[in-house]
Amino acid sequence: MIISMLRGATPEQIEHVCDKIKSFGYSVHPIKGEERTVIGAIGDGKDKDRIISVMESVPGVESVIPILQPFKLVGRELKKGKTVIQMDGLTIGGDQFVVMAGPCSVEYREQILTTAEKVKAAGARILRGGAYKPRTSPYDFQGLEEEGLKLLAEARERTGLKIVTEIITTENIDLVNEYTDIFQVGARNMQNFALLKRLGRVKKPVLLKRGMMSTLKELLMSAEYIVSQGNPEVILCERGIRTFETYTRNTLDIAAVPALKQLSHLPVIVDPSHGTGKRSLIPPVSKAAVAVGADGLIVEVHPNPEEAFSDGQQSLLPEEFAAMMEGIGKYLDVEGKRL
Ligand code: PEP
Ligand code: MN
C-alpha cells in the first residue's frame with residue numbers, strides 16, 4: 001500500500017507511521033518528495049482492509065491507497081518520478097543517453113584495450129565485455145573468467161570508461177564485485193531468483209536483460225526481486241524475444257520501451273545487437289530506440305568481427321560504431337537527450 005503523508009508531517013510522525021506499519025509485518029520504503037513524503041509499505045496483503053483503516057487514523061497520514069500492480073516497488077503507482085542512477089558524473093535514466101559498447105566476450109588484452117579506446121572516442125561511456133559467457137553449447141568459448149575481469153579493469157584504468165559485465169552464478173558475485181561497475185544479468189538468467197536476490201544486496205547497479213521468452217510483467221517482477229532486497233538501481237534492457245521469425249536472431253520489441261516506461265520508473269535501454277543478430281540492422285534500430293524514449297543502448301563492437309570468439313555477425317567494427325553514433329545525434333537532439 002502507499003501511505004501518503006500530509007504536507008508538513010513531522011519526522012517523528014513519519015517514523016511513527018513506519019514503526020506502526022512494520023508492526024503488521026510490512027517492509028517500508030519511504031520516498032521523500034519536495035512537498036511530502038510517501039511511504040511504500042510491502043506485505044503479504046493479508047488483513048489489508050483492516051490495516052488500511054488503522055493507518056488512515058495515524059496522525060500525519062493523509063491517505064492510504066492499495067497498490068494494485070503485482071510489481072509494487074518498481075511500478076509507477078508508488079513512484080511517479082523517474083529513477084536516475086548516478087555514477088560519478090554519469091547518469092542513467094535522466095537526460096543523458098548512455099551508450100555501453102564493446103565485444104561480446106573479452107578475448108585478449110589487445111582486443112579489449114583497442115576496442116575500449118575506440119568506443120570511448122566515439123562517445124560510449126561504458127565498456128561492455130563478457131568474462132563469463134552463458135553459451136548454448138558447452139564446447140563453445142566460456143570466457144576468460146577472472147583474467148577477463150582484470151583486462152576490463154585495465155581498460156577502465158586507461159580510458160576512464162565504466163565497465164559492465166555479466167554475472168552468471170551467485171558463486172561469483174564477490175569476485176565480480178571486485179572489478180565491475182555494473183552487474184549484467186543475461187536473458188538466460190532473468191528468472192534465476194537466487195541470483196536476483198543476492199544482487200538485491202549489492203551496492204551497484206544491475207542491468208537486467210529481458211528473457212527471450214519473458215513477458216514485460218515477468219521482467220518487472222524480476223526487477224522487483226532485486227529492488228525488494230534493498231537495491232533500487234536496476235536498469236531494464238529490451239534485447240528481443242523469440243518469435244516465428246527466423247530472419248533476425250530475435251524479434252526486438254520496440255514497443256517494450258515505452259510500455260516499460262509507462263509501467264515503471266526504472267531506466268530502460270535497448271540491445272540492438274542481440275535484438276537483431278545482424279550488423280546492418282544495428283544503426284537503424286538504434287535510431288528507433290532513441291525515438292521511443294530509451295535511456296541508452298548496449299552494442300557489440302569488435303575490432304575484427306570475423307575472428308570474434310562469439311557474436312561476430314552482430315558486432316560492429318569500431319568505424320561503423322563511430323558512424324552509428326554520429327547518425328543518432330539528430331535523433332538525440334529531437335528527444336532533448338545528450339550523450
Ligand atoms: C550478451 O550481452 O553478450 C548476452 C549474452 O546477451 P543476452 O543475455 O541478451 O543473450
Ligand atoms: Mn553477445
# chains A, B, ... in the order shown; residues from 1 in each chain; ligands from 1
call {"tool": "residues_around", "arguments": {"residues": "Leu127 (chain A)", "least_positions_apart": "6", "cutoff": "9 Å", "atoms": "only C-alpha atoms", "output": "PyMOL selection string"}}
result
chain A and resi 99-103+115-116+119-120+152+155-156+161-165
call {"tool": "closest_atom_pairs", "arguments": {"of": "chain A", "to": "ligand 2", "cutoff": "9 Å", "atoms": "only C-alpha atoms and all ligand atoms", "output": "CSV"}}
result
residue,atom,partner,partner_atom_place_in_ligand_line,distance
A:Pro103,CA,ligand 2,1 (Mn),7.5
A:Cys104,CA,ligand 2,1 (Mn),4.1
A:Ser105,CA,ligand 2,1 (Mn),7.0
A:Gly129,CA,ligand 2,1 (Mn),8.6
A:Gly130,CA,ligand 2,1 (Mn),8.0
A:Lys133,CA,ligand 2,1 (Mn),8.5
A:Ser273,CA,ligand 2,1 (Mn),7.5
A:His274,CA,ligand 2,1 (Mn),6.5
A:Glu300,CA,ligand 2,1 (Mn),6.9
A:Ser310,CA,ligand 2,1 (Mn),6.4
A:Asp311,CA,ligand 2,1 (Mn),5.2
A:Gly312,CA,ligand 2,1 (Mn),8.5
A:Gln314,CA,ligand 2,1 (Mn),8.0
A:Ser315,CA,ligand 2,1 (Mn),8.4
call {"tool": "residues_near_ligand", "arguments": {"ligand": "ligand 1", "cutoff": "6 Å", "atoms": "only C-alpha atoms and all ligand atoms", "output": "JSON list (two decimals) with all heavy atoms, in the first residue's frame"}}
result
[["chain", "number", "residue", "atom", "x", "y", "z"],
["A", 104, "CYS", "N", 31.37, -8.89, -27.43],
["A", 104, "CYS", "CA", 30.52, -9.85, -26.73],
["A", 104, "CYS", "C", 31.35, -10.46, -25.60],
["A", 104, "CYS", "O", 30.97, -10.40, -24.44],
["A", 104, "CYS", "CB", 30.05, -10.92, -27.72],
["A", 104, "CYS", "SG", 29.01, -12.16, -26.94],
["A", 186, "GLY", "N", 22.01, -11.69, -17.70],
["A", 186, "GLY", "CA", 21.66, -12.01, -19.08],
["A", 186, "GLY", "C", 20.25, -12.57, -19.20],
["A", 186, "GLY", "O", 19.62, -12.96, -18.21],
["A", 187, "ALA", "N", 19.79, -12.63, -20.45],
["A", 187, "ALA", "CA", 18.45, -13.11, -20.76],
["A", 187, "ALA", "C", 18.20, -14.50, -20.14],
["A", 187, "ALA", "O", 17.13, -14.77, -19.61],
["A", 187, "ALA", "CB", 18.28, -13.18, -22.27],
["A", 188, "ARG", "N", 19.23, -15.35, -20.20],
["A", 188, "ARG", "CA", 19.06, -16.73, -19.70],
["A", 188, "ARG", "C", 18.91, -16.79, -18.19],
["A", 188, "ARG", "O", 18.48, -17.79, -17.65],
["A", 188, "ARG", "CB", 20.24, -17.58, -20.15],
["A", 188, "ARG", "CG", 20.21, -17.84, -21.64],
["A", 188, "ARG", "CD", 21.60, -18.12, -22.20],
["A", 188, "ARG", "NE", 21.57, -18.08, -23.66],
["A", 188, "ARG", "CZ", 21.63, -16.96, -24.37],
["A", 188, "ARG", "NH1", 21.71, -15.78, -23.77],
["A", 188, "ARG", "NH2", 21.58, -17.00, -25.69],
["A", 209, "LYS", "N", 18.49, -7.97, -18.27],
["A", 209, "LYS", "CA", 18.03, -8.17, -19.65],
["A", 209, "LYS", "C", 16.76, -9.02, -19.66],
["A", 209, "LYS", "O", 16.61, -9.94, -18.86],
["A", 209, "LYS", "CB", 19.14, -8.81, -20.48],
["A", 209, "LYS", "CG", 20.38, -7.90, -20.55],
["A", 209, "LYS", "CD", 21.45, -8.44, -21.46],
["A", 209, "LYS", "CE", 21.25, -7.96, -22.87],
["A", 209, "LYS", "NZ", 22.37, -8.40, -23.76],
["A", 239, "ARG", "N", 16.05, -6.83, -25.30],
["A", 239, "ARG", "CA", 17.07, -7.44, -26.16],
["A", 239, "ARG", "C", 16.46, -8.42, -27.15],
["A", 239, "ARG", "O", 17.15, -9.26, -27.72],
["A", 239, "ARG", "CB", 18.19, -8.09, -25.33],
["A", 239, "ARG", "CG", 17.73, -8.98, -24.24],
["A", 239, "ARG", "CD", 17.27, -10.36, -24.67],
["A", 239, "ARG", "NE", 18.36, -11.22, -25.05],
["A", 239, "ARG", "CZ", 18.23, -12.26, -25.88],
["A", 239, "ARG", "NH1", 17.05, -12.58, -26.38],
["A", 239, "ARG", "NH2", 19.27, -12.99, -26.19],
["A", 274, "HIS", "N", 21.89, -8.20, -29.92],
["A", 274, "HIS", "CA", 21.17, -9.45, -29.72],
["A", 274, "HIS", "C", 19.73, -9.33, -30.24],
["A", 274, "HIS", "O", 19.13, -10.32, -30.62],
["A", 274, "HIS", "CB", 21.19, -9.86, -28.24],
["A", 274, "HIS", "CG", 22.58, -10.17, -27.77],
["A", 274, "HIS", "ND1", 23.42, -9.18, -27.31],
["A", 274, "HIS", "CD2", 23.28, -11.32, -27.72],
["A", 274, "HIS", "CE1", 24.57, -9.72, -27.00],
["A", 274, "HIS", "NE2", 24.53, -11.01, -27.24]]
call {"tool": "closest_residue", "arguments": {"among": "A:Arg249, A:Lys82, A:Lys287, A:Lys278", "to": "Glu233 (chain A)", "atoms": "only C-alpha atoms"}}
result
A:Lys82
call {"tool": "closest_residue", "arguments": {"among": "A:Ile21, A:Ile254, A:Leu68, A:Leu332", "to": "Asp95 (chain A)", "atoms": "only C-alpha atoms"}}
result
A:Leu332
call {"tool": "closest_residue", "arguments": {"among": "A:Pro205, A:Leu252, A:Lys261, A:Ala41", "to": "Thr91 (chain A)", "atoms": "only C-alpha atoms"}}
result
A:Pro205
call {"tool": "select_by_dssp", "arguments": {"residues": "region 240-285 of chain A", "states": "helix (DSSP H, G or I)", "output": "PyMOL selection string"}}
result
chain A and resi 256-263+272-276+279-285
call {"tool": "residues_around", "arguments": {"residues": "Leu208 (chain A)", "least_positions_apart": "4", "cutoff": "10 Å", "atoms": "only C-alpha atoms", "output": "PyMOL selection string"}}
result
chain A and resi 166+183-187+189-190+196+219-220+222-223+226+234-238+268-269
call {"tool": "residues_around", "arguments": {"residues": "Pro318 (chain A)", "least_positions_apart": "5", "cutoff": "7 Å", "atoms": "only C-alpha atoms", "output": "PyMOL selection string"}}
result
chain A and resi 118-119+301-303
call {"tool": "residues_around", "arguments": {"residues": "Thr169 (chain A)", "least_positions_apart": "2", "cutoff": "9 Å", "atoms": "only C-alpha atoms", "output": "ChimeraX atom specification"}}
result
/A:167,171-173,189,192,194-195
call {"tool": "write_last_selection", "arguments": {"atoms": "N, CA and C atoms", "output": "JSON list (two decimals), in the first residue's frame"}}
result
[["chain", "number", "residue", "atom", "x", "y", "z"],
["A", 167, "ILE", "N", 27.13, -11.52, -14.88],
["A", 167, "ILE", "CA", 27.27, -12.43, -13.72],
["A", 167, "ILE", "C", 26.37, -13.62, -14.00],
["A", 171, "GLU", "N", 27.79, -17.80, -7.04],
["A", 171, "GLU", "CA", 29.14, -18.11, -6.50],
["A", 171, "GLU", "C", 30.17, -17.04, -6.83],
["A", 172, "ASN", "N", 29.98, -16.36, -7.97],
["A", 172, "ASN", "CA", 31.00, -15.38, -8.41],
["A", 172, "ASN", "C", 30.73, -13.94, -8.00],
["A", 173, "ILE", "N", 29.66, -13.70, -7.25],
["A", 173, "ILE", "CA", 29.28, -12.30, -7.02],
["A", 173, "ILE", "C", 30.39, -11.51, -6.33],
["A", 189, "ASN", "N", 19.31, -15.76, -17.51],
["A", 189, "ASN", "CA", 19.24, -15.74, -16.05],
["A", 189, "ASN", "C", 18.19, -14.78, -15.49],
["A", 192, "ASN", "N", 16.55, -16.29, -12.66],
["A", 192, "ASN", "CA", 17.38, -17.00, -11.68],
["A", 192, "ASN", "C", 17.18, -16.24, -10.36],
["A", 194, "ALA", "N", 17.56, -16.85, -7.22],
["A", 194, "ALA", "CA", 18.61, -16.81, -6.19],
["A", 194, "ALA", "C", 19.63, -15.73, -6.54],
["A", 195, "LEU", "N", 19.97, -15.65, -7.83],
["A", 195, "LEU", "CA", 20.92, -14.63, -8.29],
["A", 195, "LEU", "C", 20.33, -13.22, -8.10]]
call {"tool": "closest_atom_pairs", "arguments": {"of": "region 121-162 of chain A", "to": "region 174-180 of chain A", "cutoff": "10 Å", "atoms": "only C-alpha atoms", "output": "tab-separated table"}}
result
residue	atom	partner	partner_atom	distance
A:Ala131	CA	A:Val176	CA	9.4
A:Tyr132	CA	A:Val176	CA	9.8
A:Glu145	CA	A:Val176	CA	9.3
A:Glu146	CA	A:Leu175	CA	8.0
A:Leu149	CA	A:Tyr179	CA	6.3
A:Lys150	CA	A:Tyr179	CA	7.3
A:Leu151	CA	A:Tyr179	CA	9.8
A:Leu152	CA	A:Tyr179	CA	7.9
A:Ala153	CA	A:Tyr179	CA	6.2
A:Glu154	CA	A:Tyr179	CA	9.9
A:Arg156	CA	A:Thr180	CA	9.7
A:Lys162	CA	A:Thr180	CA	8.0
call {"tool": "write_last_selection", "arguments": {"atoms": "N, CA and C atoms", "output": "mmCIF file, in the first residue's frame"}}
result
data_model
loop_
_atom_site.group_PDB
_atom_site.id
_atom_site.type_symbol
_atom_site.label_atom_id
_atom_site.label_comp_id
_atom_site.auth_asym_id
_atom_site.auth_seq_id
_atom_site.Cartn_x
_atom_site.Cartn_y
_atom_site.Cartn_z
ATOM 1 N N ALA A 131 33.118 -11.862 -19.364
ATOM 2 C CA ALA A 131 34.235 -12.676 -18.880
ATOM 3 C C ALA A 131 33.718 -14.073 -18.521
ATOM 4 N N TYR A 132 32.434 -14.156 -18.239
ATOM 5 C CA TYR A 132 31.757 -15.436 -18.003
ATOM 6 C C TYR A 132 30.645 -15.491 -19.026
ATOM 7 N N GLU A 145 37.086 -15.658 -17.663
ATOM 8 C CA GLU A 145 36.840 -15.615 -16.217
ATOM 9 C C GLU A 145 37.651 -14.479 -15.559
ATOM 10 N N GLU A 146 38.334 -14.744 -14.439
ATOM 11 C CA GLU A 146 38.952 -13.623 -13.715
ATOM 12 C C GLU A 146 39.964 -12.862 -14.583
ATOM 13 N N LEU A 149 38.126 -10.274 -16.280
ATOM 14 C CA LEU A 149 37.753 -9.160 -15.385
ATOM 15 C C LEU A 149 38.934 -8.218 -15.210
ATOM 16 N N LYS A 150 40.144 -8.812 -15.106
ATOM 17 C CA LYS A 150 41.348 -7.982 -14.923
ATOM 18 C C LYS A 150 41.587 -7.120 -16.158
ATOM 19 N N LEU A 151 41.356 -7.697 -17.324
ATOM 20 C CA LEU A 151 41.559 -6.921 -18.560
ATOM 21 C C LEU A 151 40.530 -5.790 -18.660
ATOM 22 N N LEU A 152 39.309 -6.061 -18.236
ATOM 23 C CA LEU A 152 38.291 -4.995 -18.245
ATOM 24 C C LEU A 152 38.726 -3.864 -17.303
ATOM 25 N N ALA A 153 39.251 -4.244 -16.138
ATOM 26 C CA ALA A 153 39.678 -3.231 -15.165
ATOM 27 C C ALA A 153 40.844 -2.418 -15.721
ATOM 28 N N GLU A 154 41.727 -3.076 -16.459
ATOM 29 C CA GLU A 154 42.857 -2.343 -17.064
ATOM 30 C C GLU A 154 42.333 -1.356 -18.114
ATOM 31 N N ARG A 156 39.445 0.047 -18.101
ATOM 32 C CA ARG A 156 38.812 1.166 -17.367
ATOM 33 C C ARG A 156 39.859 2.161 -16.903
ATOM 34 N N LYS A 162 33.447 3.309 -17.580
ATOM 35 C CA LYS A 162 32.961 2.370 -16.561
ATOM 36 C C LYS A 162 32.824 1.005 -17.239
#
call {"tool": "residues_around", "arguments": {"residues": "Leu339 (chain A)", "least_positions_apart": "2", "cutoff": "10 Å", "atoms": "only C-alpha atoms", "output": "PyMOL selection string"}}
result
chain A and resi 90+95-99+123-125+296+325+328-329+332+337
call {"tool": "write_last_selection", "arguments": {"atoms": "all heavy atoms", "output": "short mmCIF file (atom, residue, chain, number, x, y, z; two decimals), in the first residue's frame"}}
result
data_model
loop_
_atom_site.label_atom_id
_atom_site.label_comp_id
_atom_site.auth_asym_id
_atom_site.auth_seq_id
_atom_site.Cartn_x
_atom_site.Cartn_y
_atom_site.Cartn_z
N LEU A 90 28.14 10.35 -14.38
CA LEU A 90 27.34 9.70 -15.41
C LEU A 90 25.94 9.48 -14.82
O LEU A 90 25.84 9.07 -13.66
CB LEU A 90 28.00 8.34 -15.66
CG LEU A 90 27.52 7.49 -16.79
CD1 LEU A 90 27.98 8.13 -18.10
CD2 LEU A 90 28.15 6.10 -16.69
N ASP A 95 18.63 12.90 -18.45
CA ASP A 95 18.73 13.50 -19.79
C ASP A 95 19.83 12.88 -20.64
O ASP A 95 19.95 13.18 -21.82
CB ASP A 95 19.07 15.00 -19.68
CG ASP A 95 17.95 15.74 -19.00
OD1 ASP A 95 16.84 15.19 -18.98
OD2 ASP A 95 18.22 16.85 -18.50
N GLN A 96 20.67 12.10 -19.98
CA GLN A 96 21.79 11.54 -20.72
C GLN A 96 21.35 10.24 -21.42
O GLN A 96 20.54 9.48 -20.87
CB GLN A 96 22.91 11.23 -19.71
CG GLN A 96 24.27 11.17 -20.32
CD GLN A 96 25.37 11.20 -19.25
OE1 GLN A 96 25.12 11.29 -18.06
NE2 GLN A 96 26.59 11.12 -19.73
N PHE A 97 21.88 10.02 -22.63
CA PHE A 97 21.64 8.77 -23.35
C PHE A 97 22.95 8.00 -23.26
O PHE A 97 23.96 8.40 -23.84
CB PHE A 97 21.27 9.10 -24.81
CG PHE A 97 20.86 7.90 -25.60
CD1 PHE A 97 19.56 7.39 -25.51
CD2 PHE A 97 21.76 7.26 -26.44
CE1 PHE A 97 19.17 6.28 -26.25
CE2 PHE A 97 21.37 6.15 -27.19
CZ PHE A 97 20.08 5.66 -27.09
N VAL A 98 22.93 6.95 -22.48
CA VAL A 98 24.20 6.27 -22.15
C VAL A 98 24.43 5.08 -23.08
O VAL A 98 23.59 4.19 -23.16
CB VAL A 98 24.18 5.81 -20.68
CG1 VAL A 98 25.43 5.02 -20.35
CG2 VAL A 98 24.07 7.03 -19.77
N VAL A 99 25.56 5.12 -23.76
CA VAL A 99 25.86 4.01 -24.68
C VAL A 99 26.95 3.13 -24.07
O VAL A 99 28.02 3.60 -23.69
CB VAL A 99 26.27 4.53 -26.07
CG1 VAL A 99 26.58 3.36 -27.01
CG2 VAL A 99 25.15 5.39 -26.65
N GLY A 123 32.13 8.12 -28.28
CA GLY A 123 31.08 8.66 -27.39
C GLY A 123 30.47 7.67 -26.42
O GLY A 123 29.56 8.02 -25.66
N ALA A 124 30.96 6.43 -26.42
CA ALA A 124 30.43 5.47 -25.43
C ALA A 124 30.95 5.87 -24.05
O ALA A 124 32.02 6.45 -23.92
CB ALA A 124 30.89 4.05 -25.76
N ARG A 125 30.17 5.56 -23.01
CA ARG A 125 30.58 5.90 -21.65
C ARG A 125 30.88 4.66 -20.81
O ARG A 125 31.47 4.73 -19.75
CB ARG A 125 29.47 6.71 -20.95
CG ARG A 125 29.09 7.99 -21.68
CD ARG A 125 30.24 8.98 -21.74
NE ARG A 125 30.67 9.41 -20.43
CZ ARG A 125 30.24 10.50 -19.80
NH1 ARG A 125 29.38 11.31 -20.40
NH2 ARG A 125 30.68 10.80 -18.60
N GLY A 296 19.31 4.52 -23.28
CA GLY A 296 20.65 4.15 -23.73
C GLY A 296 20.61 2.89 -24.55
O GLY A 296 19.55 2.36 -24.88
N MET A 325 27.08 6.34 -34.07
CA MET A 325 26.94 7.35 -33.02
C MET A 325 26.68 8.72 -33.63
O MET A 325 25.88 9.50 -33.10
CB MET A 325 28.20 7.37 -32.14
CG MET A 325 28.39 6.10 -31.33
SD MET A 325 27.17 5.90 -30.02
CE MET A 325 27.92 6.86 -28.72
N ILE A 328 22.95 8.88 -34.76
CA ILE A 328 21.84 9.04 -33.79
C ILE A 328 21.79 10.47 -33.22
O ILE A 328 20.83 10.83 -32.55
CB ILE A 328 21.87 8.00 -32.64
CG1 ILE A 328 23.12 8.11 -31.77
CG2 ILE A 328 21.71 6.58 -33.17
CD1 ILE A 328 23.10 7.19 -30.54
N GLY A 329 22.81 11.26 -33.54
CA GLY A 329 22.90 12.62 -32.97
C GLY A 329 21.64 13.46 -33.16
O GLY A 329 21.11 14.05 -32.23
N LEU A 332 18.83 12.32 -31.04
CA LEU A 332 19.01 12.72 -29.63
C LEU A 332 18.59 14.17 -29.44
O LEU A 332 17.96 14.52 -28.44
CB LEU A 332 20.48 12.52 -29.21
CG LEU A 332 20.94 11.07 -29.10
CD1 LEU A 332 22.45 11.00 -28.87
CD2 LEU A 332 20.23 10.35 -27.96
N LYS A 337 17.99 14.75 -25.54
CA LYS A 337 18.96 13.93 -24.80
C LYS A 337 20.37 14.25 -25.26
O LYS A 337 20.58 14.70 -26.38
CB LYS A 337 18.68 12.44 -25.07
CG LYS A 337 17.37 11.92 -24.52
CD LYS A 337 17.60 11.14 -23.25
CE LYS A 337 16.35 10.73 -22.55
NZ LYS A 337 15.82 9.47 -23.00
#
call {"tool": "closest_residue", "arguments": {"among": "A:Lys203, A:Glu107, A:Pro284, A:Glu117", "to": "Phe141 (chain A)", "atoms": "only C-alpha atoms"}}
result
A:Glu107
call {"tool": "residues_around", "arguments": {"residues": "region 83-88 of chain A", "least_positions_apart": "5", "cutoff": "7 Å", "atoms": "only C-alpha atoms", "output": "PDB file with N, CA, C and O atoms, in the first residue's frame"}}
result
ATOM      1  N   GLY A  93      19.075   7.224 -16.924  1.00  0.00           N
ATOM      2  CA  GLY A  93      17.651   7.394 -16.652  1.00  0.00           C
ATOM      3  C   GLY A  93      17.229   8.858 -16.633  1.00  0.00           C
ATOM      4  O   GLY A  93      16.054   9.161 -16.463  1.00  0.00           O
ATOM      5  N   GLY A  94      18.187   9.776 -16.824  1.00  0.00           N
ATOM      6  CA  GLY A  94      17.858  11.208 -16.861  1.00  0.00           C
ATOM      7  C   GLY A  94      17.953  11.738 -18.287  1.00  0.00           C
ATOM      8  O   GLY A  94      17.472  11.092 -19.227  1.00  0.00           O
ATOM      9  N   GLU A 233      18.792   0.240  -7.781  1.00  0.00           N
ATOM     10  CA  GLU A 233      19.423   0.647  -9.044  1.00  0.00           C
ATOM     11  C   GLU A 233      19.371  -0.452 -10.095  1.00  0.00           C
ATOM     12  O   GLU A 233      20.345  -1.177 -10.315  1.00  0.00           O
ATOM     13  N   HIS A 265       9.244   3.186 -13.229  1.00  0.00           N
ATOM     14  CA  HIS A 265      10.087   4.386 -13.166  1.00  0.00           C
ATOM     15  C   HIS A 265      11.544   4.067 -13.447  1.00  0.00           C
ATOM     16  O   HIS A 265      12.408   4.948 -13.383  1.00  0.00           O
ATOM     17  N   LEU A 266      11.862   2.796 -13.733  1.00  0.00           N
ATOM     18  CA  LEU A 266      13.267   2.404 -13.930  1.00  0.00           C
ATOM     19  C   LEU A 266      13.764   2.807 -15.318  1.00  0.00           C
ATOM     20  O   LEU A 266      12.973   2.866 -16.268  1.00  0.00           O
ATOM     21  N   PRO A 267      15.077   3.046 -15.471  1.00  0.00           N
ATOM     22  CA  PRO A 267      15.624   3.318 -16.801  1.00  0.00           C
ATOM     23  C   PRO A 267      15.497   2.090 -17.717  1.00  0.00           C
ATOM     24  O   PRO A 267      15.516   0.956 -17.235  1.00  0.00           O
TER      25      PRO A 267
END
call {"tool": "closest_residue", "arguments": {"among": "A:Met221, A:Ile182, A:Val61, A:Met212", "to": "Ile126 (chain A)", "atoms": "only C-alpha atoms"}}
result
A:Ile182
call {"tool": "select_by_dssp", "arguments": {"residues": "region 39-149 of chain A", "states": "strand (DSSP E or B)", "output": "PyMOL selection string"}}
result
chain A and resi 39-42+61-65+75+85-87+90-92+96+98-102+105+126-128+130
call {"tool": "atom_distance", "arguments": {"atom1": "CA of Val28 (chain A)", "atom2": "CA of Gly40 (chain A)"}}
result
5.7 Å
call {"tool": "atom_distance", "arguments": {"atom1": "CA of Glu77 (chain A)", "atom2": "CA of Ile31 (chain A)"}}
result
12.5 Å
call {"tool": "closest_residue", "arguments": {"among": "A:Ala294, A:Ile42, A:Val202, A:Ala9", "to": "Pro66 (chain A)", "atoms": "only C-alpha atoms"}}
result
A:Ile42
call {"tool": "decode", "arguments": {"residues": "region 165-171 of chain A", "atoms": "all heavy atoms", "output": "PDB file, in the first residue's frame"}}
result
ATOM      1  N   THR A 165      29.667  -6.100 -16.902  1.00  0.00           N
ATOM      2  CA  THR A 165      29.991  -7.478 -17.292  1.00  0.00           C
ATOM      3  C   THR A 165      28.975  -8.431 -16.685  1.00  0.00           C
ATOM      4  O   THR A 165      28.367  -8.126 -15.658  1.00  0.00           O
ATOM      5  CB  THR A 165      31.450  -7.814 -16.913  1.00  0.00           C
ATOM      6  OG1 THR A 165      31.869  -8.973 -17.637  1.00  0.00           O
ATOM      7  CG2 THR A 165      31.626  -8.071 -15.420  1.00  0.00           C
ATOM      8  N   GLU A 166      28.820  -9.569 -17.345  1.00  0.00           N
ATOM      9  CA  GLU A 166      27.745 -10.486 -16.937  1.00  0.00           C
ATOM     10  C   GLU A 166      28.115 -11.343 -15.734  1.00  0.00           C
ATOM     11  O   GLU A 166      29.239 -11.825 -15.610  1.00  0.00           O
ATOM     12  CB  GLU A 166      27.371 -11.381 -18.138  1.00  0.00           C
ATOM     13  CG  GLU A 166      26.178 -12.265 -17.824  1.00  0.00           C
ATOM     14  CD  GLU A 166      25.499 -12.857 -19.052  1.00  0.00           C
ATOM     15  OE1 GLU A 166      25.828 -12.475 -20.194  1.00  0.00           O
ATOM     16  OE2 GLU A 166      24.615 -13.715 -18.851  1.00  0.00           O
ATOM     17  N   ILE A 167      27.126 -11.523 -14.876  1.00  0.00           N
ATOM     18  CA  ILE A 167      27.273 -12.426 -13.724  1.00  0.00           C
ATOM     19  C   ILE A 167      26.372 -13.623 -14.005  1.00  0.00           C
ATOM     20  O   ILE A 167      25.188 -13.441 -14.297  1.00  0.00           O
ATOM     21  CB  ILE A 167      26.907 -11.683 -12.401  1.00  0.00           C
ATOM     22  CG1 ILE A 167      26.993 -12.598 -11.186  1.00  0.00           C
ATOM     23  CG2 ILE A 167      25.547 -11.015 -12.420  1.00  0.00           C
ATOM     24  CD1 ILE A 167      28.363 -12.706 -10.632  1.00  0.00           C
ATOM     25  N   ILE A 168      26.925 -14.833 -13.953  1.00  0.00           N
ATOM     26  CA  ILE A 168      26.073 -15.980 -14.311  1.00  0.00           C
ATOM     27  C   ILE A 168      25.745 -16.889 -13.136  1.00  0.00           C
ATOM     28  O   ILE A 168      24.899 -17.760 -13.251  1.00  0.00           O
ATOM     29  CB  ILE A 168      26.642 -16.788 -15.506  1.00  0.00           C
ATOM     30  CG1 ILE A 168      28.032 -17.339 -15.207  1.00  0.00           C
ATOM     31  CG2 ILE A 168      26.672 -15.965 -16.776  1.00  0.00           C
ATOM     32  CD1 ILE A 168      28.569 -18.238 -16.333  1.00  0.00           C
ATOM     33  N   THR A 169      26.402 -16.666 -12.002  1.00  0.00           N
ATOM     34  CA  THR A 169      26.102 -17.507 -10.845  1.00  0.00           C
ATOM     35  C   THR A 169      26.352 -16.757  -9.538  1.00  0.00           C
ATOM     36  O   THR A 169      27.227 -15.896  -9.475  1.00  0.00           O
ATOM     37  CB  THR A 169      26.940 -18.821 -10.874  1.00  0.00           C
ATOM     38  OG1 THR A 169      26.998 -19.370  -9.557  1.00  0.00           O
ATOM     39  CG2 THR A 169      28.356 -18.601 -11.330  1.00  0.00           C
ATOM     40  N   THR A 170      25.602 -17.116  -8.521  1.00  0.00           N
ATOM     41  CA  THR A 170      25.772 -16.453  -7.213  1.00  0.00           C
ATOM     42  C   THR A 170      27.186 -16.672  -6.665  1.00  0.00           C
ATOM     43  O   THR A 170      27.700 -15.837  -5.945  1.00  0.00           O
ATOM     44  CB  THR A 170      24.777 -17.008  -6.170  1.00  0.00           C
ATOM     45  OG1 THR A 170      24.820 -18.428  -6.222  1.00  0.00           O
ATOM     46  CG2 THR A 170      23.368 -16.555  -6.426  1.00  0.00           C
ATOM     47  N   GLU A 171      27.787 -17.798  -7.035  1.00  0.00           N
ATOM     48  CA  GLU A 171      29.136 -18.106  -6.504  1.00  0.00           C
ATOM     49  C   GLU A 171      30.166 -17.039  -6.832  1.00  0.00           C
ATOM     50  O   GLU A 171      31.144 -16.876  -6.099  1.00  0.00           O
ATOM     51  CB  GLU A 171      29.663 -19.422  -7.115  1.00  0.00           C
ATOM     52  CG  GLU A 171      29.026 -20.653  -6.562  1.00  0.00           C
ATOM     53  CD  GLU A 171      29.164 -21.825  -7.539  1.00  0.00           C
ATOM     54  OE1 GLU A 171      30.218 -21.941  -8.197  1.00  0.00           O
ATOM     55  OE2 GLU A 171      28.192 -22.578  -7.644  1.00  0.00           O
TER      56      GLU A 171
END
